[in-house]
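Engineer: My file is coords_23.txt. It has compact mmCIF, C-alpha atoms and all ligand atoms:
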```
# COMPACT_ATOMS: atom_id res chain seq x y z
CA MET A 1 -10.50 -6.79 -4.85
CA GLY A 2 -7.41 -7.25 -2.73
CA VAL A 3 -7.88 -7.47 0.96
CA LEU A 4 -6.29 -4.56 2.69
CA LEU A 5 -4.67 -4.80 6.04
CA GLY A 6 -4.55 -1.63 8.06
CA GLN A 7 -1.22 -1.03 9.70
CA SER A 8 -0.88 1.26 12.63
CA SER A 9 1.66 3.99 12.28
CA ARG A 10 3.00 6.52 14.69
CA SER A 11 0.98 9.62 14.20
CA THR A 12 0.83 12.97 15.86
CA ILE A 13 -2.12 14.18 13.86
CA ARG A 14 -4.55 16.29 15.78
CA SER A 15 -8.09 16.76 14.73
CA VAL A 16 -11.13 18.26 16.37
CA GLU A 17 -14.37 16.70 17.46
CA PRO A 18 -17.37 18.88 18.32
CA THR A 19 -18.85 18.43 21.79
CA ARG A 20 -22.56 17.88 22.34
CA LYS A 21 -23.02 21.56 22.99
CA GLY A 22 -21.68 22.17 19.54
CA THR A 23 -19.90 25.41 20.31
CA TRP A 24 -16.69 24.28 21.93
CA LEU A 25 -14.05 22.52 19.89
CA GLU A 26 -11.60 20.28 21.64
CA PRO A 27 -8.51 18.75 20.11
CA ILE A 28 -8.69 14.95 20.05
CA LYS A 29 -5.55 13.08 19.26
CA ASN A 30 -5.49 10.60 16.40
CA LYS A 31 -9.11 10.81 15.37
CA TYR A 32 -10.59 12.03 12.17
CA ARG A 33 -14.01 12.36 10.64
CA CYS A 34 -14.53 9.68 7.99
CA ALA A 35 -15.39 10.89 4.49
CA THR A 36 -16.97 7.48 3.75
CA CYS A 37 -19.35 6.94 6.69
CA GLY A 38 -19.30 10.27 8.53
CA LYS A 39 -18.21 8.73 11.85
CA TRP A 40 -15.10 9.51 13.85
CA HIS A 41 -12.35 6.92 13.49
CA GLU A 42 -9.00 6.31 15.08
CA GLY A 43 -6.21 7.28 12.77
CA PRO A 44 -5.61 8.01 10.03
CA ALA A 45 -3.20 5.11 9.60
CA LEU A 46 -1.92 6.50 6.26
CA ALA A 47 -0.39 3.08 5.61
CA TYR A 48 -2.13 0.11 4.01
CA GLY A 49 -0.97 -3.19 2.65
CA PHE A 50 -2.50 -6.15 0.87
CA GLU A 51 -2.50 -9.74 2.04
CA ALA A 52 -1.86 -11.18 -1.44
CA PRO A 53 -1.62 -10.06 -5.08
CA ALA A 54 -5.01 -9.37 -6.69
CA VAL A 55 -4.70 -12.41 -9.00
CA TYR A 56 -4.44 -14.69 -5.95
CA TYR A 57 -8.13 -14.06 -5.26
CA GLN A 58 -9.04 -15.26 -8.76
CA ILE A 59 -7.74 -18.71 -7.87
CA PRO A 60 -10.44 -20.88 -6.30
CA ALA A 61 -9.88 -20.91 -2.54
CA GLU A 62 -9.52 -24.70 -2.42
CA GLN A 63 -6.66 -24.61 -4.98
CA ARG A 64 -4.64 -21.85 -3.36
CA GLN A 65 -2.71 -24.03 -0.98
CA ASP A 66 -1.44 -26.25 -3.79
CA ARG A 67 -0.79 -23.55 -6.36
CA CYS A 68 0.41 -20.58 -4.30
CA GLU A 69 3.34 -19.96 -2.04
CA LEU A 70 2.46 -16.87 -0.08
CA SER A 71 4.47 -15.11 2.61
CA SER A 72 4.16 -11.59 3.97
CA ASP A 73 6.47 -10.23 1.25
CA THR A 74 6.66 -12.80 -1.56
CA CYS A 75 4.21 -14.83 -3.59
CA ALA A 76 4.68 -17.44 -6.32
CA ILE A 77 1.70 -18.80 -8.24
CA ASP A 78 2.09 -22.11 -10.13
CA MET A 79 5.83 -21.40 -9.89
CA LYS A 80 5.25 -19.28 -12.98
CA HIS A 81 4.04 -15.91 -11.69
CA PHE A 82 6.09 -14.10 -9.10
CA PHE A 83 5.31 -11.13 -6.89
CA ILE A 84 6.83 -9.09 -4.08
CA VAL A 85 5.60 -6.31 -1.81
CA GLY A 86 7.06 -2.85 -2.02
CA ASN A 87 6.29 0.58 -0.64
CA LEU A 88 4.70 3.23 -2.79
CA GLU A 89 5.06 6.53 -1.00
CA ILE A 90 2.75 9.41 -1.84
CA PRO A 91 3.80 12.83 -0.54
CA ILE A 92 1.20 14.81 1.39
CA ILE A 93 1.43 18.47 0.49
CA GLY A 94 2.74 20.58 3.38
CA ARG A 95 3.47 17.61 5.65
CA ARG A 96 6.44 15.45 6.33
CA GLN A 97 4.38 12.30 6.71
CA LYS A 98 3.62 10.31 3.55
CA PHE A 99 0.74 8.11 2.56
CA VAL A 100 2.27 4.67 2.15
CA TRP A 101 0.65 1.94 0.12
CA SER A 102 2.36 -1.45 0.22
CA PRO A 103 1.10 -3.12 -2.95
CA TRP A 104 2.30 -6.24 -4.73
CA VAL A 105 4.21 -6.00 -7.99
CA SER A 106 5.03 -8.81 -10.40
CA LEU A 107 8.64 -9.70 -11.18
CA SER A 108 10.25 -11.88 -13.80
CA GLU A 109 11.36 -15.27 -12.51
CA LYS A 110 14.98 -14.16 -12.89
CA ASN A 111 14.51 -11.02 -10.81
CA PHE A 112 12.39 -12.86 -8.25
CA LYS A 113 15.23 -15.31 -7.72
CA ARG A 114 17.65 -12.41 -7.51
CA VAL A 115 15.53 -10.83 -4.76
CA GLY A 116 15.80 -14.10 -2.85
CA GLU A 117 19.58 -14.21 -3.27
CA LEU A 118 19.95 -10.64 -2.03
CA TRP A 119 17.42 -10.95 0.81
CA GLU A 120 20.08 -10.84 3.53
CA GLN A 121 22.91 -9.32 1.50
CA PRO A 122 24.38 -6.08 2.90
CA GLY A 123 24.82 -3.43 0.22
CA ARG A 124 21.98 -4.82 -1.87
CA GLU A 125 20.67 -1.27 -2.44
CA THR A 126 23.20 -0.87 -5.26
CA GLU A 127 21.07 -3.26 -7.32
CA PRO A 128 19.58 -1.66 -10.46
CA PRO A 129 15.77 -1.37 -10.45
CA TYR A 130 13.59 -4.23 -11.66
CA PHE A 131 10.59 -3.95 -13.93
CA GLY A 132 7.26 -4.98 -12.42
CA TRP A 133 3.52 -4.68 -13.04
CA LEU A 134 1.40 -3.23 -10.26
CA SER A 135 -0.53 -6.24 -8.94
CA SER A 136 -2.79 -4.76 -6.27
CA ILE A 137 -5.97 -2.75 -6.73
CA ILE A 138 -5.56 0.46 -4.80
CA PRO A 139 -8.70 2.06 -3.36
CA GLY A 140 -9.47 5.42 -4.94
CA TYR A 141 -7.47 4.68 -8.09
CA PRO A 142 -9.62 2.66 -10.49
CA THR A 143 -7.93 1.61 -13.73
CA SER A 144 -8.31 -1.11 -16.30
CA GLU A 145 -4.84 -0.57 -17.73
CA PRO A 146 -1.77 -2.47 -16.57
CA ILE A 147 0.49 -0.11 -14.62
CA ALA A 148 4.23 -0.41 -15.15
CA THR A 149 6.56 0.12 -12.20
CA ARG A 150 10.19 0.07 -11.28
CA VAL A 151 11.17 -1.70 -8.11
CA HIS A 152 14.13 -0.20 -6.27
CA THR A 153 15.93 -2.46 -3.82
CA ARG A 154 16.70 -0.76 -0.51
CA MET A 155 18.89 -1.46 2.49
CA LEU A 156 18.46 -4.63 4.53
CA GLY A 157 15.20 -4.73 6.40
CA ILE A 158 13.54 -2.05 4.27
CA ARG A 159 10.95 -2.95 1.69
CA PRO A 160 11.75 -1.99 -1.89
CA ARG A 161 10.50 1.33 -3.14
CA ILE A 162 8.00 1.17 -5.95
CA GLU A 163 8.11 3.88 -8.57
CA LEU A 164 5.26 4.05 -11.06
CA GLU A 165 6.12 4.82 -14.66
CA PRO A 166 5.12 8.42 -15.38
CA THR A 167 1.68 8.22 -17.02
CA GLU A 168 -1.71 9.94 -16.82
CA PHE A 169 -2.83 7.41 -14.18
CA GLN A 170 -3.83 9.48 -11.15
CA LEU A 171 -1.66 7.51 -8.75
CA SER A 172 1.33 8.10 -10.98
CA LYS A 173 0.65 11.84 -10.94
CA ASP A 174 0.01 11.84 -7.18
CA GLN A 175 3.36 10.15 -6.63
CA VAL A 176 5.05 13.13 -8.27
CA ASN A 177 2.80 16.01 -7.21
CA GLY A 178 1.55 14.79 -3.85
CA ILE A 179 -1.98 14.83 -2.48
CA THR A 180 -3.76 17.23 -0.18
CA TRP A 181 -4.39 16.39 3.46
CA GLU A 182 -8.14 16.24 2.72
CA ARG A 183 -7.53 13.72 -0.06
CA ALA A 184 -5.28 11.69 2.23
CA LEU A 185 -8.14 11.44 4.74
CA GLU A 186 -10.57 10.39 1.99
CA LEU A 187 -8.21 7.70 0.77
CA ASP A 188 -7.56 6.51 4.30
CA ALA A 189 -11.29 6.17 4.91
CA MET A 190 -11.75 4.19 1.69
CA ALA A 191 -8.86 1.91 2.50
CA MET A 192 -9.95 1.46 6.10
CA HIS A 193 -13.47 0.48 5.08
CA ALA A 194 -12.06 -2.00 2.53
CA SER A 195 -9.76 -3.61 5.08
CA LYS A 196 -10.32 -6.46 7.46
CA PRO A 197 -8.63 -7.40 10.70
CA ALA A 198 -5.19 -8.95 10.31
CA ARG A 199 -5.09 -12.69 9.67
CA LYS A 200 -4.31 -14.63 12.83
ZN ZN B 301 -15.90 5.44 8.17
```
Would you mind giving the structure from this file in structure tokens?

Structural biologist:
Amino acid sequence: MGVLLGQSSRSTIRSVEPTRKGTWLEPIKNKYRCATCGKWHEGPALAYGFEAPAVYYQIPAEQRQDRCELSSDTCAIDMKHFFIVGNLEIPIIGRRQKFVWSPWVSLSEKNFKRVGELWEQPGRETEPPYFGWLSSIIPGYPTSEPIATRVHTRMLGIRPRIELEPTEFQLSKDQVNGITWERALELDAMAMHASKPARK
């Protein structure tokens, strides 16, 4: 699966951690009890990205340098398959903060080139959306179906917004309906355990 990179985010979440005596609860800033391992972790980050599109990891490691051009936000494989990173924002019910995944999506060669042309172009947010396939495997959302998306260009310096086509895929529904805070913590724990320290 894709390698996740945890990204810190400003957070004012408060949670509680029981003391040894077990009767007194004390607020601890930015910690939460992990649904995956039961320990207390820093966070939740509520923001996770992926180092490369999922298909990148299917290419033998020794061929990647020749066949792939990978940056933090763009990837071309064999100069035939093209991908960019966008933000997929999932509302959390009753909170202003969102759960932000930053997955890869595929683009046509034409639209990939267009993204490059507009990279530093003021006003680029007037661009119509591009079609793309979701190209990262998101923890907590298993699927064997290809997931269609629309990629909305945003203002300079802001990653495009990814909108999933409305389907029965849980992530697509969550994008519209939001997730509970408890679910956000579960997803954060899954993502955090699947992540590795940032590449140096
Ligand atoms: Zn854990």

Engineer: Contacts of Thr149 of chain A at 7 Å or less, counting all atoms listed in the file, minus same-chain residues fewer than 6 places along, as a PyMOL selection string?

Structural biologist: chain A and resi 131-134+162-165

Engineer: Using only C-alpha atoms and all ligand atoms, find each residue of chain A with at least one atom at most 9 Å away from an atom of ligand ZN 301 (chain B); report its shortest atom-to-atom pair and that distance in Å (one decimal), sort the rows by chain and rising residue number, and return the result as a tab-separated table.

Structural biologist:
```
residue	atom	partner	partner_atom	distance
A:Arg33	CA	B:ZN301	ZN	7.6
A:Cys34	CA	B:ZN301	ZN	4.5
A:Ala35	CA	B:ZN301	ZN	6.6
A:Thr36	CA	B:ZN301	ZN	5.0
A:Cys37	CA	B:ZN301	ZN	4.0
A:Gly38	CA	B:ZN301	ZN	5.9
A:Lys39	CA	B:ZN301	ZN	5.5
A:Trp40	CA	B:ZN301	ZN	7.0
A:His41	CA	B:ZN301	ZN	6.6
A:Ala189	CA	B:ZN301	ZN	5.7
A:Met190	CA	B:ZN301	ZN	7.8
A:Met192	CA	B:ZN301	ZN	7.5
A:His193	CA	B:ZN301	ZN	6.3
```

Engineer: Tell me which protein, DNA and RNA residues are within 9 Å of segment 174-186 of chain A, counting only C-alpha atoms, leaving out same-chain ones fewer than 2 positions away, and put them as a PyMOL selection string.

Structural biologist: chain A and resi 32-36+44+46+88-95+98-99+140+163-164+166+169-172+188-191

Engineer: Between atom CA of Tyr130 of chain A and atom CA of Leu187 of chain A, what is the distance, to one decimal in Å?

Structural biologist: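 Pair atom CA of Tyr130 of chain A / atom CA of Leu187 of chain A returns 27.8 Å.
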
Engineer: Using all atoms listed in the file, which residue out of A:Trp119, A:Tyr141, A:Tyr56, A:Phe50 lies closest to Arg159 of chain A?

Structural biologist: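 For Arg159 of chain A, the nearest of the candidates is A:Trp119.
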
Engineer: Quick one: distance from atom CA of Glu168 of chain A to atom CA of Leu107 of chain A in Å, one decimal?

Structural biologist: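 Between atom CA of Glu168 of chain A and atom CA of Leu107 of chain A the gap works out to 22.9 Å.
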
Engineer: Considering only C-alpha atoms, can you say which of A:Ser102, A:Asn30, A:Gln63, A:Gln121 comes closest to Arg154 of chain A?

Structural biologist: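 Of A:Ser102, A:Asn30, A:Gln63, A:Gln121, the one nearest Arg154 of chain A, counting only C-alpha atoms, is A:Gln121.
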
Engineer: Measure the distance from atom CA of Lys113 of chain A to atom CA of Val151 of chain A in Å and round it to one decimal.

Structural biologist: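 Atom-to-atom, atom CA of Lys113 of chain A and atom CA of Val151 of chain A are spaced 14.2 Å apart.
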